[in-house]
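**Student:** Structure: run.tsv, TSV, C-alpha atoms.
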```
chain	number	residue	atom	x	y	z
A	292	MET	CA	19.91	103.02	-24.30
A	293	THR	CA	21.47	99.82	-22.96
A	294	PHE	CA	20.24	98.22	-19.75
A	295	VAL	CA	21.22	95.09	-17.89
A	296	GLY	CA	18.67	93.62	-15.57
A	297	THR	CA	16.25	90.88	-14.62
A	298	LEU	CA	12.71	90.05	-15.71
A	299	LYS	CA	10.31	89.19	-12.90
A	300	LYS	CA	7.92	87.38	-15.24
A	301	ASN	CA	7.44	86.54	-18.91
A	302	VAL	CA	6.80	89.45	-21.26
A	303	PHE	CA	4.61	88.66	-24.29
A	304	LEU	CA	4.72	90.94	-27.33
A	305	VAL	CA	1.44	90.75	-29.27
A	306	GLY	CA	0.07	92.64	-32.23
A	307	PHE	CA	-0.96	92.46	-35.85
A	308	MET	CA	1.30	90.99	-38.53
A	309	GLY	CA	4.17	93.21	-39.67
A	310	VAL	CA	4.12	95.44	-36.61
A	311	GLY	CA	7.70	94.42	-35.69
A	312	LYS	CA	7.23	92.15	-32.66
A	313	THR	CA	10.19	89.86	-33.43
A	314	THR	CA	12.54	92.72	-34.31
A	315	VAL	CA	11.66	94.67	-31.17
A	316	ALA	CA	12.00	91.57	-28.97
A	317	ARG	CA	15.50	90.88	-30.29
A	318	ARG	CA	16.57	94.48	-29.76
A	319	MET	CA	15.14	94.52	-26.25
A	320	ALA	CA	16.87	91.26	-25.37
A	321	ARG	CA	20.21	92.69	-26.48
A	322	ASP	CA	19.75	96.01	-24.72
A	323	MET	CA	18.25	94.64	-21.51
A	324	GLY	CA	20.47	91.59	-21.16
A	325	VAL	CA	17.60	89.10	-21.06
A	326	ALA	CA	16.52	86.07	-23.10
A	327	CYS	CA	14.00	86.15	-25.92
A	328	VAL	CA	12.16	83.51	-27.95
A	329	ASP	CA	9.95	83.64	-31.02
A	330	VAL	CA	6.91	81.35	-30.92
A	331	ASP	CA	6.69	80.97	-34.71
A	332	ALA	CA	10.39	80.07	-34.96
A	333	PHE	CA	10.03	77.61	-32.07
A	334	LEU	CA	6.99	76.05	-33.77
A	335	GLU	CA	8.90	75.61	-37.03
A	336	ARG	CA	11.91	74.01	-35.31
A	337	LYS	CA	9.62	71.64	-33.41
A	338	HIS	CA	7.55	70.44	-36.36
A	339	GLY	CA	9.93	71.06	-39.24
A	340	LYS	CA	7.32	73.19	-41.01
A	341	SER	CA	6.49	76.87	-40.99
A	342	ALA	CA	3.17	78.22	-39.68
A	343	ALA	CA	2.05	78.83	-43.26
A	344	GLU	CA	2.82	75.21	-44.20
A	345	LEU	CA	1.03	73.87	-41.13
A	346	PHE	CA	-1.97	76.07	-41.93
A	347	GLY	CA	-2.07	74.84	-45.51
A	348	GLU	CA	-1.73	71.18	-44.52
A	349	PHE	CA	-3.93	70.93	-41.42
A	350	GLY	CA	-6.06	74.07	-41.36
A	351	GLU	CA	-6.34	76.98	-38.94
A	352	ASP	CA	-7.85	75.05	-36.01
A	353	VAL	CA	-4.93	72.61	-35.85
A	354	LEU	CA	-2.44	75.46	-36.29
A	355	ARG	CA	-3.89	77.37	-33.31
A	356	GLU	CA	-3.71	74.25	-31.14
A	357	LEU	CA	-0.07	73.71	-32.11
A	358	GLU	CA	0.65	77.38	-31.45
A	359	TYR	CA	-0.81	77.05	-27.97
A	360	GLU	CA	1.38	74.03	-27.20
A	361	ALA	CA	4.45	75.95	-28.42
A	362	LEU	CA	3.44	78.97	-26.31
A	363	VAL	CA	3.21	76.78	-23.20
A	364	GLU	CA	6.71	75.42	-23.79
A	365	CYS	CA	8.14	78.89	-24.38
A	366	ALA	CA	6.50	80.21	-21.21
A	367	ASN	CA	8.04	77.34	-19.22
A	368	MET	CA	11.60	78.13	-20.33
A	369	GLY	CA	12.01	80.84	-17.72
A	370	HIS	CA	11.28	84.53	-17.63
A	371	SER	CA	11.98	85.90	-21.08
A	372	LEU	CA	10.69	88.11	-23.88
A	373	ILE	CA	8.29	86.07	-26.02
A	374	SER	CA	7.30	87.28	-29.49
A	375	CYS	CA	3.89	85.86	-30.46
A	376	GLY	CA	2.34	85.29	-33.86
A	377	GLU	CA	-0.48	87.60	-34.88
A	378	GLY	CA	-3.16	84.90	-34.69
A	379	ILE	CA	-2.26	83.46	-31.31
A	380	VAL	CA	-5.00	85.54	-29.64
A	381	ALA	CA	-7.61	83.80	-31.81
A	382	PHE	CA	-7.40	80.74	-29.54
A	383	ASP	CA	-9.17	80.99	-26.19
A	384	LYS	CA	-6.62	78.94	-24.26
A	385	SER	CA	-3.77	81.02	-25.64
A	386	ARG	CA	-5.41	84.26	-24.50
A	387	GLU	CA	-5.90	82.85	-21.01
A	388	LEU	CA	-2.24	81.84	-20.86
A	389	LEU	CA	-1.12	85.30	-22.00
A	390	LYS	CA	-3.11	86.92	-19.20
A	391	ARG	CA	-2.13	84.40	-16.53
A	392	ARG	CA	1.54	83.61	-17.21
A	393	GLY	CA	3.06	87.02	-17.85
A	394	PHE	CA	2.81	90.65	-18.88
A	395	ALA	CA	1.48	91.21	-22.42
A	396	VAL	CA	2.45	94.33	-24.37
A	397	MET	CA	0.52	95.24	-27.51
A	398	LEU	CA	2.46	96.87	-30.34
A	399	GLU	CA	0.08	98.71	-32.64
A	400	SER	CA	0.37	100.58	-35.91
A	401	SER	CA	-1.81	101.41	-38.86
A	402	GLU	CA	-2.90	98.55	-41.06
A	403	ALA	CA	-1.13	100.01	-44.11
A	404	THR	CA	2.16	100.49	-42.24
A	405	SER	CA	2.08	96.97	-40.82
A	406	LEU	CA	1.39	95.33	-44.17
A	407	GLY	CA	4.03	97.52	-45.84
A	408	ARG	CA	6.70	95.89	-43.65
A	409	ILE	CA	5.87	92.39	-44.89
A	410	HIS	CA	8.28	91.52	-47.70
A	411	ASN	CA	7.14	87.94	-48.31
A	412	LEU	CA	3.39	87.38	-48.10
A	413	SER	CA	3.79	83.61	-48.47
A	414	THR	CA	5.23	83.42	-44.94
A	415	ARG	CA	1.96	84.66	-43.46
A	416	PRO	CA	-0.64	81.85	-43.28
A	417	LEU	CA	-3.71	84.01	-43.74
A	418	LEU	CA	-2.24	86.33	-46.37
A	419	ALA	CA	-1.10	83.29	-48.33
A	420	HIS	CA	-4.74	82.15	-48.50
A	421	ASP	CA	-6.26	85.50	-49.56
A	422	CYS	CA	-8.09	86.39	-46.36
A	423	ASP	CA	-9.92	89.67	-45.77
A	424	ILE	CA	-7.19	91.81	-44.18
A	425	GLU	CA	-9.47	94.67	-43.10
A	426	GLY	CA	-11.96	92.28	-41.56
A	427	LEU	CA	-9.17	90.36	-39.86
A	428	TRP	CA	-7.74	93.55	-38.37
A	429	GLU	CA	-11.13	94.54	-36.95
A	430	GLN	CA	-11.54	91.06	-35.52
A	431	ARG	CA	-8.06	90.81	-33.95
A	432	LYS	CA	-7.76	94.29	-32.42
A	433	PRO	CA	-10.17	93.78	-29.46
A	434	LEU	CA	-8.49	90.44	-28.71
A	435	TYR	CA	-5.07	92.10	-28.45
A	436	GLU	CA	-6.55	94.76	-26.18
A	437	GLU	CA	-8.12	92.04	-24.03
A	438	VAL	CA	-4.79	90.45	-23.13
A	439	ALA	CA	-2.54	93.54	-23.20
A	440	ARG	CA	-1.41	95.21	-19.99
A	441	ALA	CA	0.19	98.02	-21.98
A	442	LYS	CA	-0.23	99.40	-25.51
A	443	ILE	CA	2.53	101.12	-27.47
A	444	ASN	CA	2.06	102.84	-30.82
A	445	VAL	CA	5.10	102.14	-32.99
A	446	GLN	CA	3.99	104.32	-35.91
A	447	GLY	CA	6.95	106.29	-37.25
A	448	ARG	CA	9.33	105.14	-34.49
A	449	SER	CA	12.63	103.33	-34.85
A	450	THR	CA	13.19	99.87	-33.41
A	451	GLY	CA	15.63	101.22	-30.82
A	452	SER	CA	13.15	103.87	-29.68
A	453	VAL	CA	10.35	101.33	-29.30
A	454	ALA	CA	12.61	98.88	-27.43
A	455	ASP	CA	13.73	101.65	-25.05
A	456	PHE	CA	10.17	102.77	-24.39
A	457	VAL	CA	8.94	99.21	-23.70
A	458	ALA	CA	11.83	98.65	-21.28
A	459	LYS	CA	10.85	101.76	-19.34
A	460	VAL	CA	7.21	100.66	-19.26
A	461	LEU	CA	8.26	97.28	-17.87
A	462	ALA	CA	10.49	98.92	-15.28
A	463	ARG	CA	7.66	101.18	-14.08
A	464	ALA	CA	5.34	98.17	-13.87
A	465	GLY	CA	7.89	96.29	-11.74
A	466	VAL	CA	8.23	93.56	-14.37
A	467	TYR	CA	11.82	94.46	-15.16
A	468	THR	CA	14.50	95.51	-12.66
A	469	PRO	CA	17.71	97.06	-13.98
A	470	ASP	CA	20.76	95.76	-12.12
A	471	SER	CA	23.06	97.99	-10.10
A	472	GLU	CA	26.60	98.74	-11.30
A	473	ASP	CA	28.02	96.10	-8.94
A	474	ALA	CA	25.59	93.50	-10.25
A	475	VAL	CA	26.48	94.40	-13.82
A	476	ALA	CA	30.20	94.05	-13.07
A	477	LYS	CA	29.62	90.64	-11.47
A	478	LYS	CA	27.56	89.48	-14.43
A	479	ILE	CA	30.27	90.59	-16.87
A	480	GLU	CA	32.93	88.84	-14.78
A	481	ALA	CA	30.85	85.64	-14.68
A	482	ASP	CA	30.40	85.72	-18.45
A	483	SER	CA	34.14	86.24	-18.93
A	484	LEU	CA	34.94	83.32	-16.61
A	485	LYS	CA	32.47	81.14	-18.51
A	486	ARG	CA	34.18	81.97	-21.82
A	487	ARG	CA	37.62	81.19	-20.37
A	488	LYS	CA	36.41	77.81	-19.09
A	489	LYS	CA	34.95	77.06	-22.49
A	490	HIS	CA	38.30	77.76	-24.17
A	491	ARG	CA	40.08	75.44	-21.72
A	492	HIS	CA	37.91	72.50	-22.80
A	493	SER	CA	39.59	69.79	-24.77
A	494	LYS	CA	38.28	68.42	-28.04
A	495	SER	CA	36.49	65.65	-26.18
A	496	GLY	CA	34.35	68.23	-24.42
A	497	ARG	CA	35.74	67.70	-20.91
A	498	PRO	CA	37.81	70.29	-19.03
A	499	ARG	CA	41.56	69.76	-19.38
A	500	SER	CA	43.44	68.86	-16.23
A	501	ALA	CA	46.37	70.88	-14.87
A	502	ALA	CA	48.78	68.21	-16.16
A	503	GLU	CA	47.27	68.43	-19.66
A	504	ARG	CA	47.52	72.20	-19.64
A	505	SER	CA	51.15	71.98	-18.44
A	506	ASN	CA	51.97	69.44	-21.14
A	507	ALA	CA	50.34	71.64	-23.76
A	508	SER	CA	52.41	74.57	-22.49
A	509	ARG	CA	55.65	72.54	-22.76
A	510	LYS	CA	54.72	71.51	-26.27
A	511	GLY	CA	54.10	75.12	-27.15
A	512	GLN	CA	57.47	76.18	-25.72
A	513	LYS	CA	59.23	73.35	-27.55
A	514	ALA	CA	57.57	74.32	-30.81
A	515	ALA	CA	58.56	77.94	-30.26
A	516	GLY	CA	62.19	76.90	-29.57
A	517	ALA	CA	62.27	74.78	-32.71
A	518	PHE	CA	60.92	77.69	-34.71
A	519	ARG	CA	63.59	80.04	-33.32
A	520	GLU	CA	66.36	77.51	-34.05
A	521	SER	CA	65.05	77.01	-37.58
A	522	THR	CA	65.02	80.76	-38.12
A	523	ALA	CA	68.60	81.14	-36.80
A	524	SER	CA	69.81	78.28	-39.02
A	525	SER	CA	68.21	79.89	-42.05
A	526	LYS	CA	70.00	83.14	-41.26
A	527	ARG	CA	73.36	81.35	-40.96
A	528	HIS	CA	72.87	79.68	-44.31
A	529	ALA	CA	71.89	82.97	-45.85
A	530	ALA	CA	75.09	84.59	-44.48
A	531	HIS	CA	77.27	81.94	-46.16
A	532	ALA	CA	75.35	81.89	-49.40
A	533	PRO	CA	77.61	84.46	-51.26
A	534	ALA	CA	80.83	82.49	-50.49
A	535	SER	CA	79.20	79.30	-51.64
A	536	GLY	CA	78.09	80.94	-54.86
A	537	GLN	CA	81.58	82.29	-55.46
A	538	GLY	CA	83.08	78.83	-54.98
A	539	ALA	CA	80.58	77.41	-57.48
A	540	ALA	CA	81.63	80.05	-60.02
A	541	GLU	CA	85.27	79.22	-59.40
A	542	LYS	CA	84.59	75.56	-60.00
A	543	LYS	CA	82.83	76.32	-63.24
A	544	GLN	CA	85.69	78.55	-64.43
A	545	ASN	CA	88.42	76.02	-63.64
A	546	GLY	CA	86.47	73.06	-64.91
A	547	SER	CA	87.19	71.17	-61.75
A	548	GLY	CA	85.86	70.97	-58.27
A	549	ALA	CA	89.26	71.91	-56.80
A	550	PRO	CA	90.08	75.59	-56.04
A	551	LYS	CA	92.62	77.48	-58.15
A	552	HIS	CA	95.47	77.47	-55.63
A	553	ARG	CA	95.21	73.72	-55.22
A	554	ARG	CA	95.41	73.27	-58.98
A	555	ARG	CA	98.53	75.48	-59.05
A	556	ARG	CA	100.15	73.53	-56.25
A	557	GLY	CA	99.26	70.31	-58.04
A	558	SER	CA	100.73	71.62	-61.31
A	559	ARG	CA	104.02	72.59	-59.66
A	560	GLY	CA	104.22	69.19	-58.01
A	561	ARG	CA	103.64	67.38	-61.27
A	562	GLY	CA	106.25	69.60	-62.96
A	563	LYS	CA	108.86	68.71	-60.36
A	564	MET	CA	108.06	65.05	-60.79
A	565	ARG	CA	108.49	65.32	-64.59
A	566	ALA	CA	111.82	67.15	-64.17
A	567	SER	CA	113.11	64.51	-61.76
A	568	ASN	CA	112.07	61.74	-64.11
A	569	ASN	CA	113.83	63.45	-67.02
A	570	ARG	CA	117.05	63.77	-65.04
A	571	GLN	CA	116.88	60.14	-64.09
A	572	ASN	CA	116.20	59.13	-67.65
A	573	GLY	CA	118.98	61.40	-68.89
A	574	GLN	CA	121.49	59.85	-66.52
A	575	ARG	CA	120.56	56.36	-67.57
A	576	GLY	CA	120.71	57.17	-71.26
A	577	ALA	CA	123.92	59.39	-71.28
A	578	THR	CA	127.24	58.21	-72.86
A	579	PRO	CA	129.93	57.56	-70.22
A	580	PRO	CA	132.99	59.81	-70.47
A	581	ALA	CA	136.09	58.53	-72.23
A	582	ASN	CA	139.12	57.45	-70.20
```
Would you give me this structure, written as structure tokens?
**Tutor:**
Amino acid sequence: MTFVGTLKKNVFLVGFMGVGKTTVARRMARDMGVACVDVDAFLERKHGKSAAELFGEFGEDVLRELEYEALVECANMGHSLISCGEGIVAFDKSRELLKRRGFAVMLESSEATSLGRIHNLSTRPLLAHDCDIEGLWEQRKPLYEEVARAKINVQGRSTGSVADFVAKVLARAGVYTPDSEDAVAKKIEADSLKRRKKHRHSKSGRPRSAAERSNASRKGQKAAGAFRESTASSKRHAAHAPASGQGAAEKKQNGSGAPKHRRRRGSRGRGKMRASNNRQNGQRGATPPAN
């Protein structure tokens, strides 16, 4: 189900690794029309290293401190869905922030199901260093329950179903308010206007003036006119192409660039000239009659 609405406070998704926090947060953000952020992704962009790399280089204590700093920054971005790493509850200050700055939802599943969803163990700091998974699960579970305002079992449920259920839980808790149809229409209109303004921007990044838009329109009309004229000219040339080809064949047959009838007229003219010259020569060379 698709909603469009407003979050009244931050919503933190917490739970064990592989439970689907990031996937559910993205689906909820799309369906509910709200923003979402992933703490692990934010941490990696900020430091240029993944959580596993930070863990391997500095140790778990430093990683948890860096996670807390990233969580603070994410919480200060505005009300949004925030997907948290599995170990964020291991740090006291992080747990206090989760309880104080928003509404935490725990996604839970069986240990086997959660681990079965992890395709690359090297991306998980603790799994990459051969920790005791069963012991870790027993240690983390009460910490998730400490901060969570709601718990949702995702075992055997699709991402869309979980996202829909969490949205309803948030709506009942007053954390999320679906917009009315009028509000939805206004939001869609505002987004459309924003896209149109973006398309009107010039390459320099500033909005184009009315004169620039008018000039661009004239250029477009001129280009269209030139295209139409070029197309018409090509058609005219194509219409005359057979006659031109016939003339070329005629030239080839006659061995000259002149058409046949001109050659005939020229031949008759030269014949007349030769006859006249012969008469003149005959008169000059004839014997005069006797007296």
**Student:** Work out how far CA of Ala462 in chain A is from CA of Asp383 in chain A, in Å to one decimal.
**Tutor:**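 Taking CA of Asp383 in chain A as the start and CA of Ala462 in chain A as the end point, the length is 28.8 Å.
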**Student:** Using all atoms listed in the file, can you tell me which of A:Ser449, A:Ser341, A:Thr468, A:Thr314 comes closest to Lys300 in chain A?
**Tutor:**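 Closest to Lys300 in chain A, using all atoms listed in the file: A:Thr468.
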**Student:** In Å, rounded to a single decimal, give me how far CA of Asp455 in chain A is from CA of Val295 in chain A.
**Tutor:**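 CA of Asp455 in chain A lies at a distance of 12.3 Å from CA of Val295 in chain A.
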**Student:** Go through range 356-378 of chain A residue by residue and, counting all atoms listed in the file, keep those with an atom at most 12 Å from range 426-431 of chain A; for each kept residue give the shortest atom pair and its distance in Å to one decimal, ordered by chain and increasing number, as JSON lines.
**Tutor:**
```
{"residue": "A:Gly376", "atom": "CA", "partner": "A:Arg431", "partner_atom": "CA", "distance": 11.8}
{"residue": "A:Glu377", "atom": "CA", "partner": "A:Arg431", "partner_atom": "CA", "distance": 8.3}
{"residue": "A:Gly378", "atom": "CA", "partner": "A:Arg431", "partner_atom": "CA", "distance": 7.7}
```
**Student:** Fewer than 3 positions away in the same chain doesn't count, so skip those; otherwise give me all residues within 9 Å of Ile443 in chain A, counting only C-alpha atoms, as a list in words.
**Tutor:** Val396, Met397, Leu398, Glu399, Ser400, Val453, Phe456 and Val457 of chain A
**Student:** Mind writing the picked residues with C-alpha atoms as a PDB file, in the frame of the given file?
**Tutor:**
```
ATOM      1  CA  VAL A 396       2.450  94.330 -24.370  1.00  0.00           C
ATOM      2  CA  MET A 397       0.520  95.240 -27.510  1.00  0.00           C
ATOM      3  CA  LEU A 398       2.460  96.870 -30.340  1.00  0.00           C
ATOM      4  CA  GLU A 399       0.080  98.710 -32.640  1.00  0.00           C
ATOM      5  CA  SER A 400       0.370 100.580 -35.910  1.00  0.00           C
ATOM      6  CA  VAL A 453      10.350 101.330 -29.300  1.00  0.00           C
ATOM      7  CA  PHE A 456      10.170 102.770 -24.390  1.00  0.00           C
ATOM      8  CA  VAL A 457       8.940  99.210 -23.700  1.00  0.00           C
TER       9      VAL A 457
END
```
**Student:** Rounded to one decimal in Å, what is the spacing between CA of Ser385 in chain A and CA of His370 in chain A?
**Tutor:**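 Separating CA of Ser385 in chain A from CA of His370 in chain A is a distance of 17.4 Å.
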**Student:** Which residue out of A:Gly393, A:Gly447, A:Gly369, A:Gly296 has the minimum interatomic distance to Cys327 in chain A when only C-alpha atoms are used?
**Tutor:**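 Smallest distance to Cys327 in chain A is found for A:Gly369.
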**Student:** So which residues are close to (11.9, 96.2, -17.9), meaning at most 8 Å away in the file's coordinates with only C-alpha atoms counted, and can you show them as an MDAnalysis selection string?
**Tutor:** chainID A and resid 296:298 323 457:469
**Student:** Kindly indicate which residue among A:Ala454, A:Ile424, A:Leu434, A:Leu345 lies nearest to Leu389 in chain A, using only C-alpha atoms for the distances.
**Tutor:** A:Leu434
**Student:** Taking 4 positions as the minimum chain separation for residues in the same chain, which residues sit within 10 Å of Val380 in chain A when counting only C-alpha atoms? Answer as a PyMOL selection string.
**Tutor:** chain A and resi 305-306+355+359+375-376+384-389+431-438
**Student:** Which of these, A:Asn367, A:Met308, A:Phe382, A:Arg487, has the shortest distance to Val353 in chain A once you count only C-alpha atoms?
**Tutor:**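 Closest to Val353 in chain A, using only C-alpha atoms: A:Phe382.
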**Student:** Here is a test: counting all atoms listed in the file, which residue of A:Ala320, A:Ala326, A:Val310, A:Ala342 is nearest to Val445 in chain A?
**Tutor:**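 Looking at the shortest contact to Val445 in chain A, the residue is A:Val310.
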**Student:** I need the residue nearest Arg317 in chain A from this list: A:Ile379, A:Ala439, A:Leu304, A:Ala366. Use only C-alpha atoms for the distance.
**Tutor:**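 Of the candidates, the smallest distance to Arg317 in chain A is held by A:Leu304.
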